[in-house]
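Raw contents of target-v1.cif, mmCIF, C-alpha atoms:
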data_start
loop_
_atom_site.group_PDB
_atom_site.id
_atom_site.type_symbol
_atom_site.label_atom_id
_atom_site.label_comp_id
_atom_site.auth_asym_id
_atom_site.auth_seq_id
_atom_site.Cartn_x
_atom_site.Cartn_y
_atom_site.Cartn_z
ATOM 1 C CA MET A 1 116.046 103.076 102.675
ATOM 2 C CA PRO A 2 119.766 102.412 102.480
ATOM 3 C CA ILE A 3 120.921 99.359 100.554
ATOM 4 C CA ARG A 4 124.560 98.372 100.930
ATOM 5 C CA LEU A 5 126.937 95.458 100.679
ATOM 6 C CA ALA A 6 126.844 93.248 103.761
ATOM 7 C CA THR A 7 129.853 92.868 106.039
ATOM 8 C CA LEU A 8 130.888 89.997 108.268
ATOM 9 C CA GLN A 9 129.697 92.091 111.236
ATOM 10 C CA ASP A 10 126.156 91.851 109.796
ATOM 11 C CA ILE A 11 126.022 88.050 110.100
ATOM 12 C CA PRO A 12 124.372 87.959 113.566
ATOM 13 C CA GLN A 13 121.539 90.259 112.394
ATOM 14 C CA ILE A 14 121.230 88.348 109.124
ATOM 15 C CA MET A 15 120.888 85.071 111.014
ATOM 16 C CA GLU A 16 118.227 86.664 113.263
ATOM 17 C CA LEU A 17 116.308 87.622 110.136
ATOM 18 C CA ILE A 18 116.655 84.062 108.789
ATOM 19 C CA ALA A 19 115.531 82.611 112.150
ATOM 20 C CA GLU A 20 112.426 84.790 111.895
ATOM 21 C CA VAL A 21 111.663 84.135 108.224
ATOM 22 C CA VAL A 22 112.203 80.359 107.976
ATOM 23 C CA PRO A 23 109.424 79.266 110.399
ATOM 24 C CA ALA A 24 106.960 81.568 108.620
ATOM 25 C CA MET A 25 107.975 80.106 105.258
ATOM 26 C CA ILE A 26 107.560 76.550 106.528
ATOM 27 C CA ALA A 27 104.197 77.378 108.119
ATOM 28 C CA SER A 28 102.952 78.651 104.751
ATOM 29 C CA GLY A 29 104.046 75.442 103.016
ATOM 30 C CA ASN A 30 107.181 76.929 101.451
ATOM 31 C CA LEU A 31 109.946 74.448 102.246
ATOM 32 C CA GLN A 32 112.631 76.180 100.187
ATOM 33 C CA TRP A 33 114.633 77.012 103.333
ATOM 34 C CA ASP A 34 115.036 75.120 106.584
ATOM 35 C CA ASN A 35 117.192 75.019 109.707
ATOM 36 C CA ASN A 36 120.222 74.041 107.619
ATOM 37 C CA TYR A 37 119.937 76.431 104.662
ATOM 38 C CA PRO A 38 120.772 79.236 104.293
ATOM 39 C CA ASN A 39 123.428 79.306 106.993
ATOM 40 C CA VAL A 40 126.411 81.285 108.282
ATOM 41 C CA ALA A 41 128.788 79.590 105.838
ATOM 42 C CA VAL A 42 126.585 80.504 102.851
ATOM 43 C CA PHE A 43 126.330 84.141 103.937
ATOM 44 C CA THR A 44 130.043 84.338 104.787
ATOM 45 C CA ASP A 45 130.828 83.100 101.291
ATOM 46 C CA ASP A 46 128.420 85.653 99.790
ATOM 47 C CA ILE A 47 130.074 88.441 101.782
ATOM 48 C CA ASN A 48 133.567 87.319 100.825
ATOM 49 C CA LYS A 49 132.480 87.388 97.171
ATOM 50 C CA THR A 50 130.959 90.889 97.678
ATOM 51 C CA GLN A 51 127.572 89.663 96.499
ATOM 52 C CA LEU A 52 125.372 89.919 99.608
ATOM 53 C CA TRP A 53 123.317 93.084 99.938
ATOM 54 C CA VAL A 54 121.281 94.314 102.898
ATOM 55 C CA ALA A 55 118.449 96.809 103.096
ATOM 56 C CA GLU A 56 118.251 98.785 106.310
ATOM 57 C CA ALA A 57 115.250 100.279 108.069
ATOM 58 C CA GLU A 58 115.328 101.968 111.450
ATOM 59 C CA GLY A 59 118.974 100.981 111.846
ATOM 60 C CA GLN A 60 118.154 97.288 111.432
ATOM 61 C CA ILE A 61 118.705 94.838 108.599
ATOM 62 C CA ALA A 62 115.235 94.616 107.116
ATOM 63 C CA GLY A 63 116.032 92.541 104.039
ATOM 64 C CA ILE A 64 118.811 90.693 102.280
ATOM 65 C CA THR A 65 119.662 89.250 98.901
ATOM 66 C CA ALA A 66 122.609 87.743 97.109
ATOM 67 C CA ILE A 67 123.165 89.376 93.734
ATOM 68 C CA THR A 68 125.319 86.973 91.751
ATOM 69 C CA THR A 69 126.133 85.706 88.302
ATOM 70 C CA ASP A 70 125.738 82.100 89.496
ATOM 71 C CA GLN A 71 123.329 80.140 87.310
ATOM 72 C CA GLU A 72 122.115 76.683 88.203
ATOM 73 C CA PRO A 73 122.720 74.000 85.540
ATOM 74 C CA GLU A 74 119.004 73.146 85.724
ATOM 75 C CA TYR A 75 118.158 76.568 84.253
ATOM 76 C CA THR A 76 118.749 75.030 80.826
ATOM 77 C CA LYS A 77 115.515 73.070 81.353
ATOM 78 C CA VAL A 78 113.526 76.291 80.831
ATOM 79 C CA GLY A 79 115.481 77.081 77.684
ATOM 80 C CA TRP A 80 117.956 79.507 79.196
ATOM 81 C CA ASP A 81 121.481 79.655 77.830
ATOM 82 C CA ILE A 82 123.513 79.612 81.043
ATOM 83 C CA THR A 83 126.655 80.601 79.146
ATOM 84 C CA GLU A 84 124.981 83.985 78.589
ATOM 85 C CA ALA A 85 125.949 86.503 81.270
ATOM 86 C CA ALA A 86 123.092 87.134 83.695
ATOM 87 C CA VAL A 87 122.675 88.736 87.080
ATOM 88 C CA VAL A 88 120.881 86.218 89.276
ATOM 89 C CA THR A 89 119.118 87.032 92.529
ATOM 90 C CA HIS A 90 119.359 84.406 95.268
ATOM 91 C CA ARG A 91 118.441 84.278 98.977
ATOM 92 C CA LEU A 92 115.931 87.147 98.928
ATOM 93 C CA ALA A 93 114.328 87.641 102.346
ATOM 94 C CA VAL A 94 112.521 90.453 104.139
ATOM 95 C CA SER A 95 111.776 90.634 107.849
ATOM 96 C CA SER A 96 108.071 90.334 108.658
ATOM 97 C CA GLN A 97 108.443 93.592 110.633
ATOM 98 C CA TYR A 98 109.147 95.443 107.387
ATOM 99 C CA ARG A 99 106.934 93.675 104.845
ATOM 100 C CA GLY A 100 104.825 95.844 102.598
ATOM 101 C CA LEU A 101 107.378 98.664 102.492
ATOM 102 C CA GLY A 102 108.833 97.782 99.087
ATOM 103 C CA ILE A 103 112.050 96.303 100.469
ATOM 104 C CA ALA A 104 112.030 93.212 98.236
ATOM 105 C CA ALA A 105 111.356 95.425 95.211
ATOM 106 C CA ALA A 106 114.215 97.733 96.243
ATOM 107 C CA LEU A 107 116.590 94.766 96.554
ATOM 108 C CA LEU A 108 115.540 93.540 93.111
ATOM 109 C CA GLN A 109 116.124 97.066 91.803
ATOM 110 C CA GLN A 110 119.639 96.813 93.257
ATOM 111 C CA ALA A 111 120.126 93.659 91.175
ATOM 112 C CA GLU A 112 119.037 95.642 88.120
ATOM 113 C CA ASN A 113 121.449 98.444 89.054
ATOM 114 C CA GLU A 114 124.258 95.894 89.340
ATOM 115 C CA ALA A 115 123.369 94.416 85.944
ATOM 116 C CA GLN A 116 123.468 97.871 84.348
ATOM 117 C CA ARG A 117 126.752 98.698 86.086
ATOM 118 C CA ARG A 118 128.274 95.482 84.725
ATOM 119 C CA GLY A 119 126.783 95.865 81.243
ATOM 120 C CA ILE A 120 124.655 92.723 81.646
ATOM 121 C CA LYS A 121 121.269 92.748 79.917
ATOM 122 C CA THR A 122 119.637 89.716 81.570
ATOM 123 C CA LEU A 123 118.283 89.252 85.089
ATOM 124 C CA ARG A 124 117.186 85.844 86.362
ATOM 125 C CA VAL A 125 115.638 84.516 89.544
ATOM 126 C CA ASP A 126 113.997 81.323 90.741
ATOM 127 C CA THR A 127 111.560 80.800 93.575
ATOM 128 C CA ASN A 128 109.909 77.883 95.285
ATOM 129 C CA ALA A 129 106.613 76.904 93.684
ATOM 130 C CA SER A 130 104.960 77.511 97.088
ATOM 131 C CA ASN A 131 106.222 81.087 97.446
ATOM 132 C CA GLN A 132 103.114 83.069 96.535
ATOM 133 C CA ALA A 133 104.603 86.453 97.460
ATOM 134 C CA THR A 134 107.481 86.301 94.984
ATOM 135 C CA GLN A 135 105.247 84.857 92.283
ATOM 136 C CA LYS A 136 103.187 88.046 92.521
ATOM 137 C CA LEU A 137 106.169 90.373 92.927
ATOM 138 C CA PHE A 138 108.388 89.267 90.046
ATOM 139 C CA PRO A 139 105.837 89.951 87.247
ATOM 140 C CA LYS A 140 105.027 93.370 88.772
ATOM 141 C CA LEU A 141 108.705 94.246 88.330
ATOM 142 C CA GLY A 142 108.828 93.137 84.703
ATOM 143 C CA TYR A 143 110.051 89.560 85.134
ATOM 144 C CA ILE A 144 108.574 86.988 82.755
ATOM 145 C CA TYR A 145 107.772 83.444 83.870
ATOM 146 C CA ALA A 146 110.028 81.000 81.982
ATOM 147 C CA GLY A 147 109.062 77.612 83.401
ATOM 148 C CA GLU A 148 109.393 75.160 86.250
ATOM 149 C CA ILE A 149 112.415 73.128 87.338
ATOM 150 C CA GLU A 150 113.769 70.943 90.107
ATOM 151 C CA LEU A 151 117.139 71.802 91.640
ATOM 152 C CA ASP A 152 119.462 68.891 92.380
ATOM 153 C CA PHE A 153 120.592 70.440 95.675
ATOM 154 C CA ARG A 154 116.968 70.833 96.897
ATOM 155 C CA PRO A 155 115.414 67.446 95.946
ATOM 156 C CA GLY A 156 111.656 67.085 95.994
ATOM 157 C CA LEU A 157 110.987 70.816 95.564
ATOM 158 C CA ARG A 158 109.757 72.629 92.465
ATOM 159 C CA PHE A 159 111.008 76.081 91.452
ATOM 160 C CA TYR A 160 109.590 78.671 89.073
ATOM 161 C CA CYS A 161 112.072 80.598 86.939
ATOM 162 C CA TYR A 162 111.672 84.240 85.911
ATOM 163 C CA GLU A 163 113.708 86.444 83.614
ATOM 164 C CA LYS A 164 113.896 90.139 82.837
ATOM 165 C CA ARG A 165 115.663 91.643 79.843
ATOM 166 C CA LEU A 166 117.010 95.171 80.085
#

Reformat the file's structure so that it appears as structure tokens.
Amino acid sequence: MPIRLATLQDIPQIMELIAEVVPAMIASGNLQWDNNYPNVAVFTDDINKTQLWVAEAEGQIAGITAITTDQEPEYTKVGWDITEAAVVTHRLAVSSQYRGLGIAAALLQQAENEAQRRGIKTLRVDTNASNQATQKLFPKLGYIYAGEIELDFRPGLRFYCYEKRL
């Protein structure tokens, strides 16, 4: 399955994927995303920063993730030193049409590849406390649970933090 950097031409397909994923997340009790976030502006910014990756299947965008070095200030609440360089995965989503094919794991492997390419030894990710799928996936891929936080920009929600050392 090809994984590549997203382009601005991918935005319509990315937004279709988001329109599919968000109602399913909400229905399962995961309120991390909604009709306002993530949006075109967020993905445009990711693309302009060359940090949005897409996984393709059957010529379609099957999954996305932002692979960044952006760490939330709240990460310090789980004891992380946010001045330490880390590759951080944000906005990970897989189309329901392609679930169970290892796409999320492949996108997380891309984050690991990027960390190795940049000489960074730490990978970090957070997920909504209601996101059961990622809470199962991250430990399978070697991520260690670090603790629970609230994010100022998503009030009222709880997030679990995970870290992997290379």

Find the residues near A:Tyr145: any atom within 10 Å, counting all atoms listed in the file, skip ones fewer than 2 places away on the same chain, and give them as a short mmCIF file (atom, residue, chain, number, x, y, z; two decimals) with C-alpha atoms, in the frame of the given file.
data_model
loop_
_atom_site.label_atom_id
_atom_site.label_comp_id
_atom_site.auth_asym_id
_atom_site.auth_seq_id
_atom_site.Cartn_x
_atom_site.Cartn_y
_atom_site.Cartn_z
CA VAL A 78 113.53 76.29 80.83
CA VAL A 125 115.64 84.52 89.54
CA ASP A 126 114.00 81.32 90.74
CA GLN A 135 105.25 84.86 92.28
CA PHE A 138 108.39 89.27 90.05
CA PRO A 139 105.84 89.95 87.25
CA GLY A 142 108.83 93.14 84.70
CA TYR A 143 110.05 89.56 85.13
CA GLY A 147 109.06 77.61 83.40
CA GLU A 148 109.39 75.16 86.25
CA TYR A 160 109.59 78.67 89.07
CA CYS A 161 112.07 80.60 86.94
CA TYR A 162 111.67 84.24 85.91
CA GLU A 163 113.71 86.44 83.61
CA LYS A 164 113.90 90.14 82.84
#

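Distance check against A:Leu141 using all atoms listed in the file: of A:Lys121, A:Tyr75, A:Arg165, A:Leu157, the minimum falls on A:Arg165.
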
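Distances to A:Gln13 were evaluated for A:Asp152, A:Glu84, A:Glu56, A:Asp46 using all atoms listed in the file, and the minimum falls at A:Glu56.
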
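If you look at atom CA of A:Gly79 and atom CA of A:Asp45, they are 28.8 Å away from each other.
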
message: Take the PyMOL selection byres ((chain A and resi 35-38) around 12), run it mentally on this structure, and tell me the resulting residues as a ChimeraX atom specification.
response: /A:11,14-23,25-26,31-34,39-46,64-66,90-93,153-154

Between atom CA of A:Ala111 and atom CA of A:Ile67, distance in Å (one decimal): 5.8 Å

message: At a cut-off of 9 Å, using all atoms listed in the file, what residues contact A:Leu151? Leave out same-chain residues fewer than 6 positions from it and give the result as a PyMOL selection string.
response: chain A and resi 72-75+157-159

- prompt: So which one's closest to A:Ala62, A:Ser28, A:Gln132, A:Ser96, A:Gln109? Using all atoms listed in the file, please.
  reply: A:Ser96
